[in-house]
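Encoded as structure tokens, the structure appears first; notes follow it.
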Protein chains: 2
Amino acid sequence: MASSSSTTCVPLGNVKSFIINCIRNAGGSEIHGKDIAEVLVSADYRGHFSHGLNRLAMYVNDLQSGITIGDGVPTIEKESEATALVNGNNLLGAVIGKYCMKLAIEKAKKAGVGWVAARNSNHYGIAGYYGLMAAEQGLIGMSMTNTSPLVLGTRAKECTLGTNPIAFVSPTTSSDNFALDMATTTVALGKIEVQHRKGEKMPKGWGADANGEETDDPQKVINGGGLLPLGGAEESGGYKGYGLAMMVEVLCGILSGSQYGANIRKWGTTERTADLGQCFIAVDPSKFFPGFEGRLEDFLQIQRNLEPSDPSKPVLVAGDPERIHMKKCDDMGGIPYPSQVVDFMNKMGEKINVEAMKSVD
Amino acid sequence: MASSSSTTCVPLGNVKSFIINCIRNAGGSEIHGKDIAEVLVSADYRGHFSHGLNRLAMYVNDLQSGITIGDGVPTIEKESEATALVNGNNLLGAVIGKYCMKLAIEKAKKAGVGWVAARNSNHYGIAGYYGLMAAEQGLIGMSMTNTSPLVLGTRAKECTLGTNPIAFVSPTTSSDNFALDMATTTVALGKIEVQHRKGEKMPKGWGADANGEETDDPQKVINGGGLLPLGGAEESGGYKGYGLAMMVEVLCGILSGSQYGANIRKWGTTERTADLGQCFIAVDPSKFFPGFEGRLEDFLQIQRNLEPSDPSKPVLVAGDPERIHMKKCDDMGGIPYPSQVVDFMNKMGEKINVEAMKSVD
């Protein structure tokens, strides 16, 4: 596929309106469209393009085919002071995610912790979004989700685990925060596809071939191989990433009673509902030692001010690459998408009578 | 140092009595001695020799010098339905850890979750021990601790983070469980020291030199370098391990009001109290979808029954290597220590009038 380096910069508000209109015209409710728009645009604004506007076509298809439901509310099936089990009722993942994190936040404000598991859910965008919701209220926020199998457990030949991300966001006294949002694999599949298109080898630890052996050849990963857990091969600690991916599955699919591991439907298939499991945790730091936010800010600054190994690459903390990207968007007046993506989306919109996104002049 | 391959097998009860006697004769209370014995012997039994009997000399020294306190109880400084802040009062780490996890378990049984942060604590042995305490009560158990700086954050030249372990243990319907207990580094320092003694190179991702650059030379790690976070170099995902290490620090030092990051005293120094921070979490799975334990058992079995890449190396789940080691100990009637270690410990015991450990006949 030919790649073009031209970009089209679209103001955040315009991307949001476009998404809301697409969801509505695909049969979803306006309110659900707003939730999806919030989560997808947040991903693009933070520089995680793989989880933003890029995912809209999938949601539109899922609504049109009826495999996900475009209107309604999740149901609380069980509740205690600090916990809840929520049935997502097969609504769009962002709708379920926002509902569950709001509930976790309410519980944390009373009981100190809110721990909500969702079942019967769908792809919910970037995990970090839900952590940020809690941090905006002065709470520590965590979220995890299971996903379709693309990952090889250590020593295995078959992909039975998802990229199972962990998000952990903590607020400081300022708008600064610690915002970790990571798949429990070394890299996402998208990075391997990029190396493949460029015809380049991969660094160690990214993926394995169809026999489960580490490889530097992206072609072998794509042809029947799989992603490796964080750490790569067993000798370089991959069994720890494998353990983390399983931990996420325990807190998502197993705890909520959703599909889990190898039972989750294959990525890109829609012959049955996704029935994903997700986990949302909020913790109130004011229930612990006073001054949490100031100590965290100090800790972040200590790390940032360390002498770097390479003077051209400053030491960062989780959330800094996203802050750099958001600043860039602010300076440009919008999100710089590859023009191909904007064209593709506008064409999709045209088919369902949605006006094209207006870019920055 | 000459290495000897001879081992001395000591029954678990005999190791425990020896530890209790040593703690008592070093000035600690009998009850505290029992806590230490439980935690250290559990580590050895599970095959984590770096965190077992091996650590007793340090605890004895700390009691004798008065830098840790051998009698008393931790104090609850703040409490809500699901949370507590505990002042460890500079007691031995295992005493504080057991106290805090019991409190987290009580809270989880009522509110669904118990989340306890400890400050003013000390080295608490294997993190997994506290997770297992919860799993024995049918709960999910987690624990984390900060530790002295030995680890380089991604891009940094200076060690400002500890190996900051995460333990996560989940019960099943049987005695089986999922028991993850991992440092957030690729390996522990001990593994690098072993390569150094053998005069062998290290696999990629284990450590970096004094300039913060990844190296395969253990000598360079030991001479002013440091451990690398899980994932190794930045291109192989090390920034994720770095993020996890910082997450642990946020939940330990920052949340509890203890020392954190670069401020923690250097490993092996005792010029001031350790003032470590720790975190203990218990979650009651019965508050979520019914049948958690059965689903988990199924998930573990699916993974174990996968076809392995190398037929001689079966696919395992977290906790399996420990189960293999415990079975070996059971078959032998005790824990197989290197004879040097038993001799060293008995000599230390002799100085404080403690009878030598009796080995298996």
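Letters for chains follow the order of the structure tokens (A, B, ...), residue numbers begin at 1 for each chain, and ligand numbers begin at 1 in the order shown.
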
Next item on the list: Write down as a PyMOL selection string the residues belonging to segment 109-354 of chain B that are assigned alpha helix (DSSP H) by DSSP computed on the backbone.
Entry: chain B and resi 109-111+128-135+189-198+218-222+238-249+255-256+292-304+320-332+339-351

Next item on the list: Give the strand (DSSP E or B) residues of segment 117-194 of chain B, as assigned by DSSP on the backbone, as a ChimeraX atom specification.
Entry: /B:117-121,140-145,151-152,156,159-161,166-171,177-182,185

Report chain B as a short mmCIF file (atom, residue, chain, number, x, y, z; two decimals) with C-alpha atoms, in the first residue's frame in the frame of chain A, after least-squares superposition over all C-alpha atoms paired in order.
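Saved to superposed-v1.cif:
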data_model
loop_
_atom_site.label_atom_id
_atom_site.label_comp_id
_atom_site.auth_asym_id
_atom_site.auth_seq_id
_atom_site.Cartn_x
_atom_site.Cartn_y
_atom_site.Cartn_z
CA MET B 1 0.00 0.22 -0.13
CA ALA B 2 1.43 3.59 -1.10
CA SER B 3 1.91 5.81 1.90
CA SER B 4 1.38 9.52 1.83
CA SER B 5 2.90 11.85 4.37
CA SER B 6 0.32 14.60 3.90
CA THR B 7 -1.77 15.42 6.93
CA THR B 8 -5.15 17.07 7.42
CA CYS B 9 -5.61 18.95 10.64
CA VAL B 10 -9.14 18.78 12.05
CA PRO B 11 -10.32 20.78 15.11
CA LEU B 12 -11.36 18.52 18.00
CA GLY B 13 -14.94 19.82 17.97
CA ASN B 14 -15.33 19.00 14.30
CA VAL B 15 -14.11 15.44 14.78
CA LYS B 16 -16.53 15.03 17.68
CA SER B 17 -19.55 16.30 15.69
CA PHE B 18 -18.63 14.00 12.83
CA ILE B 19 -18.46 10.98 15.15
CA ILE B 20 -21.76 11.85 16.87
CA ASN B 21 -23.47 12.21 13.49
CA CYS B 22 -22.06 8.91 12.24
CA ILE B 23 -23.16 7.00 15.34
CA ARG B 24 -26.64 8.55 15.13
CA ASN B 25 -27.04 7.80 11.43
CA ALA B 26 -25.82 4.25 11.99
CA GLY B 27 -28.68 3.75 14.44
CA GLY B 28 -27.11 4.71 17.77
CA SER B 29 -28.51 7.29 20.19
CA GLU B 30 -27.14 10.83 20.28
CA ILE B 31 -26.01 10.34 23.91
CA HIS B 32 -24.07 7.22 22.99
CA GLY B 33 -22.56 9.10 20.08
CA LYS B 34 -21.28 11.72 22.51
CA ASP B 35 -19.63 9.07 24.70
CA ILE B 36 -17.92 7.49 21.68
CA ALA B 37 -16.81 10.91 20.42
CA GLU B 38 -15.29 11.81 23.81
CA VAL B 39 -13.30 8.60 24.05
CA LEU B 40 -12.11 8.39 20.42
CA VAL B 41 -11.09 12.05 20.17
CA SER B 42 -9.28 11.78 23.50
CA ALA B 43 -7.20 8.93 22.01
CA ASP B 44 -6.27 10.91 18.89
CA TYR B 45 -5.55 14.07 20.88
CA ARG B 46 -3.20 12.05 23.11
CA GLY B 47 -1.48 10.60 20.03
CA HIS B 48 -2.91 7.08 20.19
CA PHE B 49 -4.27 7.08 16.65
CA SER B 50 -4.78 3.31 16.65
CA HIS B 51 -7.62 3.78 19.16
CA GLY B 52 -9.28 6.93 17.87
CA LEU B 53 -11.25 7.96 14.80
CA ASN B 54 -9.59 4.99 13.15
CA ARG B 55 -11.97 2.72 15.10
CA LEU B 56 -15.18 4.49 14.08
CA ALA B 57 -15.80 2.38 10.99
CA MET B 58 -15.86 -0.70 13.20
CA TYR B 59 -18.42 0.82 15.57
CA VAL B 60 -20.60 1.98 12.66
CA ASN B 61 -20.51 -1.52 11.16
CA ASP B 62 -21.35 -3.10 14.51
CA LEU B 63 -24.39 -0.84 14.93
CA GLN B 64 -25.57 -1.35 11.38
CA SER B 65 -25.27 -5.12 11.58
CA GLY B 66 -26.99 -5.11 14.97
CA ILE B 67 -24.17 -7.03 16.69
CA THR B 68 -23.91 -4.17 19.23
CA ILE B 69 -26.84 -2.21 20.65
CA GLY B 70 -27.08 1.54 20.07
CA ASP B 71 -29.53 2.59 22.75
CA GLY B 72 -30.22 1.79 26.39
CA VAL B 73 -28.32 1.77 29.67
CA PRO B 74 -26.10 -0.75 31.48
CA THR B 75 -27.60 -2.61 34.44
CA ILE B 76 -26.13 -2.94 37.95
CA GLU B 77 -26.53 -6.63 38.75
CA LYS B 78 -24.86 -6.72 42.17
CA GLU B 79 -23.54 -4.09 44.54
CA SER B 80 -21.73 -3.60 47.84
CA GLU B 81 -20.16 -0.50 49.47
CA ALA B 82 -17.04 -0.68 47.37
CA THR B 83 -18.00 -2.97 44.47
CA ALA B 84 -20.43 -3.44 41.61
CA LEU B 85 -21.03 -5.93 38.84
CA VAL B 86 -22.44 -4.26 35.74
CA ASN B 87 -24.08 -5.91 32.75
CA GLY B 88 -23.10 -3.75 29.78
CA ASN B 89 -26.09 -5.11 27.85
CA ASN B 90 -23.91 -5.27 24.74
CA LEU B 91 -23.93 -1.47 24.32
CA LEU B 92 -20.98 0.36 22.78
CA GLY B 93 -17.86 -0.06 24.95
CA ALA B 94 -17.36 3.65 25.64
CA VAL B 95 -20.93 3.95 26.95
CA ILE B 96 -20.36 1.06 29.35
CA GLY B 97 -16.89 2.29 30.33
CA LYS B 98 -18.04 5.80 31.21
CA TYR B 99 -21.01 4.42 33.16
CA CYS B 100 -18.82 2.03 35.17
CA MET B 101 -16.09 4.54 35.96
CA LYS B 102 -18.68 7.08 37.18
CA LEU B 103 -20.02 4.38 39.49
CA ALA B 104 -16.50 3.51 40.73
CA ILE B 105 -15.84 7.21 41.42
CA GLU B 106 -19.08 7.57 43.44
CA LYS B 107 -18.18 4.52 45.51
CA ALA B 108 -14.59 5.68 46.07
CA LYS B 109 -15.81 9.03 47.37
CA LYS B 110 -17.83 7.21 50.03
CA ALA B 111 -16.01 3.98 50.83
CA GLY B 112 -12.47 4.99 49.79
CA VAL B 113 -12.38 2.51 46.89
CA GLY B 114 -14.76 1.75 44.05
CA TRP B 115 -14.20 -1.48 42.13
CA VAL B 116 -16.54 -2.17 39.22
CA ALA B 117 -16.45 -5.15 36.84
CA ALA B 118 -18.37 -5.03 33.55
CA ARG B 119 -19.52 -8.03 31.55
CA ASN B 120 -21.20 -8.25 28.16
CA SER B 121 -19.16 -5.28 26.96
CA ASN B 122 -17.48 -4.21 23.73
CA HIS B 123 -14.22 -2.56 22.58
CA TYR B 124 -13.96 0.51 24.83
CA GLY B 125 -11.19 2.59 23.25
CA ILE B 126 -8.11 3.65 25.22
CA ALA B 127 -8.06 2.28 28.76
CA GLY B 128 -6.40 5.50 29.89
CA TYR B 129 -9.55 7.53 29.24
CA TYR B 130 -11.29 5.93 32.23
CA GLY B 131 -8.29 6.44 34.49
CA LEU B 132 -8.29 10.12 33.51
CA MET B 133 -11.97 10.42 34.47
CA ALA B 134 -11.05 9.50 38.04
CA ALA B 135 -7.95 11.70 38.12
CA GLU B 136 -10.07 14.70 37.10
CA GLN B 137 -11.98 14.15 40.34
CA GLY B 138 -8.79 13.94 42.40
CA LEU B 139 -8.84 10.13 42.55
CA ILE B 140 -6.45 7.44 41.40
CA GLY B 141 -8.10 5.69 38.44
CA MET B 142 -7.38 2.29 36.94
CA SER B 143 -8.93 0.38 34.11
CA MET B 144 -8.25 -2.87 32.29
CA THR B 145 -9.97 -4.81 29.53
CA ASN B 146 -9.59 -8.21 27.97
CA THR B 147 -9.31 -8.32 24.17
CA SER B 148 -9.30 -10.82 21.33
CA PRO B 149 -6.44 -13.37 21.32
CA LEU B 150 -3.34 -12.09 19.49
CA VAL B 151 -0.68 -12.94 22.07
CA LEU B 152 1.35 -16.06 22.80
CA GLY B 153 1.69 -17.08 26.42
CA THR B 154 5.29 -17.96 27.33
CA ARG B 155 6.28 -21.35 25.76
CA ALA B 156 2.98 -21.62 23.85
CA LYS B 157 2.47 -21.99 20.08
CA GLU B 158 -1.09 -20.67 20.00
CA CYS B 159 -2.41 -17.15 20.65
CA THR B 160 -4.81 -17.41 23.57
CA LEU B 161 -4.45 -14.00 25.21
CA GLY B 162 -5.25 -10.45 24.23
CA THR B 163 -3.04 -7.39 24.46
CA ASN B 164 -4.90 -6.82 27.77
CA PRO B 165 -4.01 -3.22 28.64
CA ILE B 166 -3.57 -1.67 32.08
CA ALA B 167 -4.24 2.02 32.67
CA PHE B 168 -3.25 3.75 35.90
CA VAL B 169 -3.69 7.51 36.31
CA SER B 170 -2.88 9.60 39.41
CA PRO B 171 -3.61 13.29 39.94
CA THR B 172 -1.22 15.93 41.25
CA THR B 173 -1.88 19.41 42.64
CA SER B 174 -1.65 20.89 39.12
CA SER B 175 -2.99 19.72 35.77
CA ASP B 176 0.03 17.40 35.69
CA ASN B 177 -0.47 13.68 36.30
CA PHE B 178 1.08 10.24 36.13
CA ALA B 179 -0.78 8.51 33.30
CA LEU B 180 0.30 4.98 32.46
CA ASP B 181 -1.66 3.33 29.64
CA MET B 182 0.02 0.22 28.31
CA ALA B 183 -0.74 -3.02 26.58
CA THR B 184 0.86 -5.93 28.42
CA THR B 185 2.64 -6.88 25.19
CA THR B 186 5.97 -5.39 24.10
CA VAL B 187 4.23 -3.57 21.24
CA ALA B 188 0.84 -3.40 19.54
CA LEU B 189 0.22 -5.34 16.31
CA GLY B 190 0.14 -2.04 14.40
CA LYS B 191 3.84 -1.44 15.07
CA ILE B 192 4.73 -4.83 13.60
CA GLU B 193 2.58 -4.11 10.54
CA VAL B 194 4.48 -0.85 10.03
CA GLN B 195 7.85 -2.68 10.07
CA HIS B 196 6.39 -5.17 7.62
CA ARG B 197 5.31 -2.45 5.18
CA LYS B 198 8.70 -0.78 5.46
CA GLY B 199 10.37 -4.16 4.82
CA GLU B 200 12.42 -3.80 8.00
CA LYS B 201 13.34 -6.26 10.73
CA MET B 202 11.92 -5.83 14.25
CA PRO B 203 13.86 -5.38 17.52
CA LYS B 204 13.96 -8.43 19.77
CA GLY B 205 10.99 -9.13 21.99
CA TRP B 206 8.20 -7.89 19.74
CA GLY B 207 6.83 -11.09 18.25
CA ALA B 208 7.15 -14.81 17.61
CA ASP B 209 6.68 -17.12 14.64
CA ALA B 210 4.08 -19.87 14.18
CA ASN B 211 6.16 -22.19 16.36
CA GLY B 212 6.15 -19.69 19.23
CA GLU B 213 9.81 -18.79 18.78
CA GLU B 214 11.01 -15.19 19.00
CA THR B 215 11.66 -13.69 15.57
CA ASP B 216 12.88 -10.41 14.09
CA ASP B 217 10.86 -10.99 10.88
CA PRO B 218 7.48 -9.20 10.92
CA GLN B 219 6.23 -11.45 8.09
CA LYS B 220 6.51 -14.47 10.38
CA VAL B 221 4.46 -12.79 13.10
CA ILE B 222 1.72 -11.91 10.66
CA ASN B 223 1.69 -15.41 9.09
CA GLY B 224 0.45 -17.48 12.00
CA GLY B 225 2.73 -16.14 14.74
CA GLY B 226 1.76 -13.75 17.49
CA LEU B 227 2.69 -10.85 19.71
CA LEU B 228 5.00 -11.54 22.64
CA PRO B 229 4.13 -10.43 26.17
CA LEU B 230 6.13 -7.53 27.65
CA GLY B 231 9.68 -8.81 28.20
CA GLY B 232 9.69 -10.90 25.01
CA ALA B 233 11.26 -14.35 25.29
CA GLU B 234 11.31 -16.29 28.56
CA GLU B 235 14.99 -15.51 29.31
CA SER B 236 14.40 -11.77 28.99
CA GLY B 237 11.44 -11.79 31.39
CA GLY B 238 8.55 -12.44 28.99
CA TYR B 239 6.94 -14.73 31.55
CA LYS B 240 6.28 -11.63 33.65
CA GLY B 241 4.41 -9.90 30.83
CA TYR B 242 2.53 -13.19 30.35
CA GLY B 243 1.65 -13.12 34.05
CA LEU B 244 0.43 -9.53 33.81
CA ALA B 245 -1.74 -10.36 30.79
CA MET B 246 -3.30 -13.22 32.77
CA MET B 247 -3.78 -10.94 35.80
CA VAL B 248 -5.75 -8.55 33.60
CA GLU B 249 -7.84 -11.46 32.35
CA VAL B 250 -8.58 -12.59 35.92
CA LEU B 251 -9.80 -9.07 36.81
CA CYS B 252 -11.78 -8.70 33.56
CA GLY B 253 -13.23 -11.85 31.99
CA ILE B 254 -13.00 -14.17 34.99
CA LEU B 255 -14.26 -11.74 37.66
CA SER B 256 -17.13 -10.36 35.57
CA GLY B 257 -18.32 -13.62 34.03
CA SER B 258 -17.55 -12.62 30.43
CA GLN B 259 -15.66 -14.52 27.77
CA TYR B 260 -11.99 -15.04 28.62
CA GLY B 261 -8.67 -15.94 27.03
CA ALA B 262 -8.90 -18.32 24.11
CA ASN B 263 -12.74 -18.20 24.27
CA ILE B 264 -12.94 -14.57 23.14
CA ARG B 265 -14.01 -14.12 19.52
CA LYS B 266 -11.22 -13.53 16.99
CA TRP B 267 -10.26 -9.92 16.22
CA GLY B 268 -12.33 -8.56 13.33
CA THR B 269 -15.02 -11.23 13.50
CA THR B 270 -18.61 -10.41 14.41
CA GLU B 271 -20.41 -13.74 14.13
CA ARG B 272 -21.28 -13.47 17.83
CA THR B 273 -21.27 -10.64 20.40
CA ALA B 274 -17.89 -9.71 21.87
CA ASP B 275 -18.97 -10.20 25.52
CA LEU B 276 -15.76 -8.59 26.76
CA GLY B 277 -14.95 -8.09 30.44
CA GLN B 278 -13.61 -4.86 31.91
CA CYS B 279 -12.51 -3.55 35.25
CA PHE B 280 -12.72 0.02 36.66
CA ILE B 281 -11.09 1.01 39.94
CA ALA B 282 -11.08 4.37 41.72
CA VAL B 283 -9.18 5.06 44.95
CA ASP B 284 -9.44 8.22 47.05
CA PRO B 285 -5.92 9.29 48.09
CA SER B 286 -7.35 11.64 50.76
CA LYS B 287 -8.20 8.49 52.74
CA PHE B 288 -4.44 7.89 53.15
CA PHE B 289 -1.51 10.10 54.26
CA PRO B 290 -2.18 13.83 53.66
CA GLY B 291 -0.33 15.55 50.80
CA PHE B 292 -0.49 12.79 48.15
CA GLU B 293 -0.65 15.21 45.21
CA GLY B 294 2.40 17.21 46.29
CA ARG B 295 4.51 14.12 46.88
CA LEU B 296 3.53 12.76 43.47
CA GLU B 297 4.46 16.03 41.76
CA ASP B 298 7.82 15.95 43.53
CA PHE B 299 8.38 12.33 42.46
CA LEU B 300 7.56 13.14 38.81
CA GLN B 301 9.90 16.14 38.84
CA ILE B 302 12.77 14.13 40.36
CA GLN B 303 12.47 11.67 37.50
CA ARG B 304 12.15 14.32 34.79
CA ASN B 305 15.20 16.20 36.07
CA LEU B 306 17.51 13.19 35.99
CA GLU B 307 20.52 13.42 33.73
CA PRO B 308 19.65 11.50 30.55
CA SER B 309 21.83 8.82 29.02
CA ASP B 310 21.48 10.56 25.64
CA PRO B 311 21.35 14.37 26.08
CA SER B 312 18.88 14.66 23.18
CA LYS B 313 16.36 12.38 24.90
CA PRO B 314 15.10 13.74 28.23
CA VAL B 315 13.83 11.39 30.92
CA LEU B 316 10.03 11.27 30.80
CA VAL B 317 7.26 9.87 32.97
CA ALA B 318 4.10 8.10 31.84
CA GLY B 319 1.79 10.70 30.28
CA ASP B 320 4.57 12.99 29.02
CA PRO B 321 4.56 11.75 25.39
CA GLU B 322 0.80 12.38 25.39
CA ARG B 323 1.27 15.89 26.83
CA ILE B 324 3.77 16.67 24.07
CA HIS B 325 1.25 15.51 21.48
CA MET B 326 -1.64 17.49 22.99
CA LYS B 327 0.50 20.63 23.00
CA LYS B 328 1.26 20.04 19.32
CA CYS B 329 -2.47 19.70 18.57
CA ASP B 330 -3.24 22.87 20.55
CA ASP B 331 -0.60 24.78 18.61
CA MET B 332 -2.00 23.52 15.31
CA GLY B 333 -5.62 24.14 16.26
CA GLY B 334 -6.61 20.52 15.72
CA ILE B 335 -5.54 16.93 15.36
CA PRO B 336 -3.09 16.19 12.51
CA TYR B 337 -4.53 13.07 10.86
CA PRO B 338 -3.00 11.39 7.84
CA SER B 339 -5.09 12.82 4.97
CA GLN B 340 -5.88 9.28 3.83
CA VAL B 341 -7.64 8.59 7.12
CA VAL B 342 -9.77 11.75 6.90
CA ASP B 343 -10.68 10.95 3.29
CA PHE B 344 -11.59 7.38 4.18
CA MET B 345 -13.75 8.50 7.10
CA ASN B 346 -15.49 11.20 5.08
CA LYS B 347 -16.32 8.64 2.40
CA MET B 348 -17.76 6.33 5.04
CA GLY B 349 -19.76 9.28 6.43
CA GLU B 350 -21.09 10.15 2.97
CA LYS B 351 -22.68 6.70 2.69
CA ILE B 352 -24.74 7.39 5.80
CA ASN B 353 -25.47 11.02 4.95
CA VAL B 354 -22.97 12.60 7.33
CA GLU B 355 -21.35 15.86 6.27
CA ALA B 356 -17.55 15.73 5.83
CA MET B 357 -15.26 16.91 8.65
CA LYS B 358 -14.12 20.51 8.22
CA SER B 359 -10.35 20.84 8.55
CA VAL B 360 -8.36 23.81 9.87
CA ASP B 361 -8.14 26.50 7.17
#
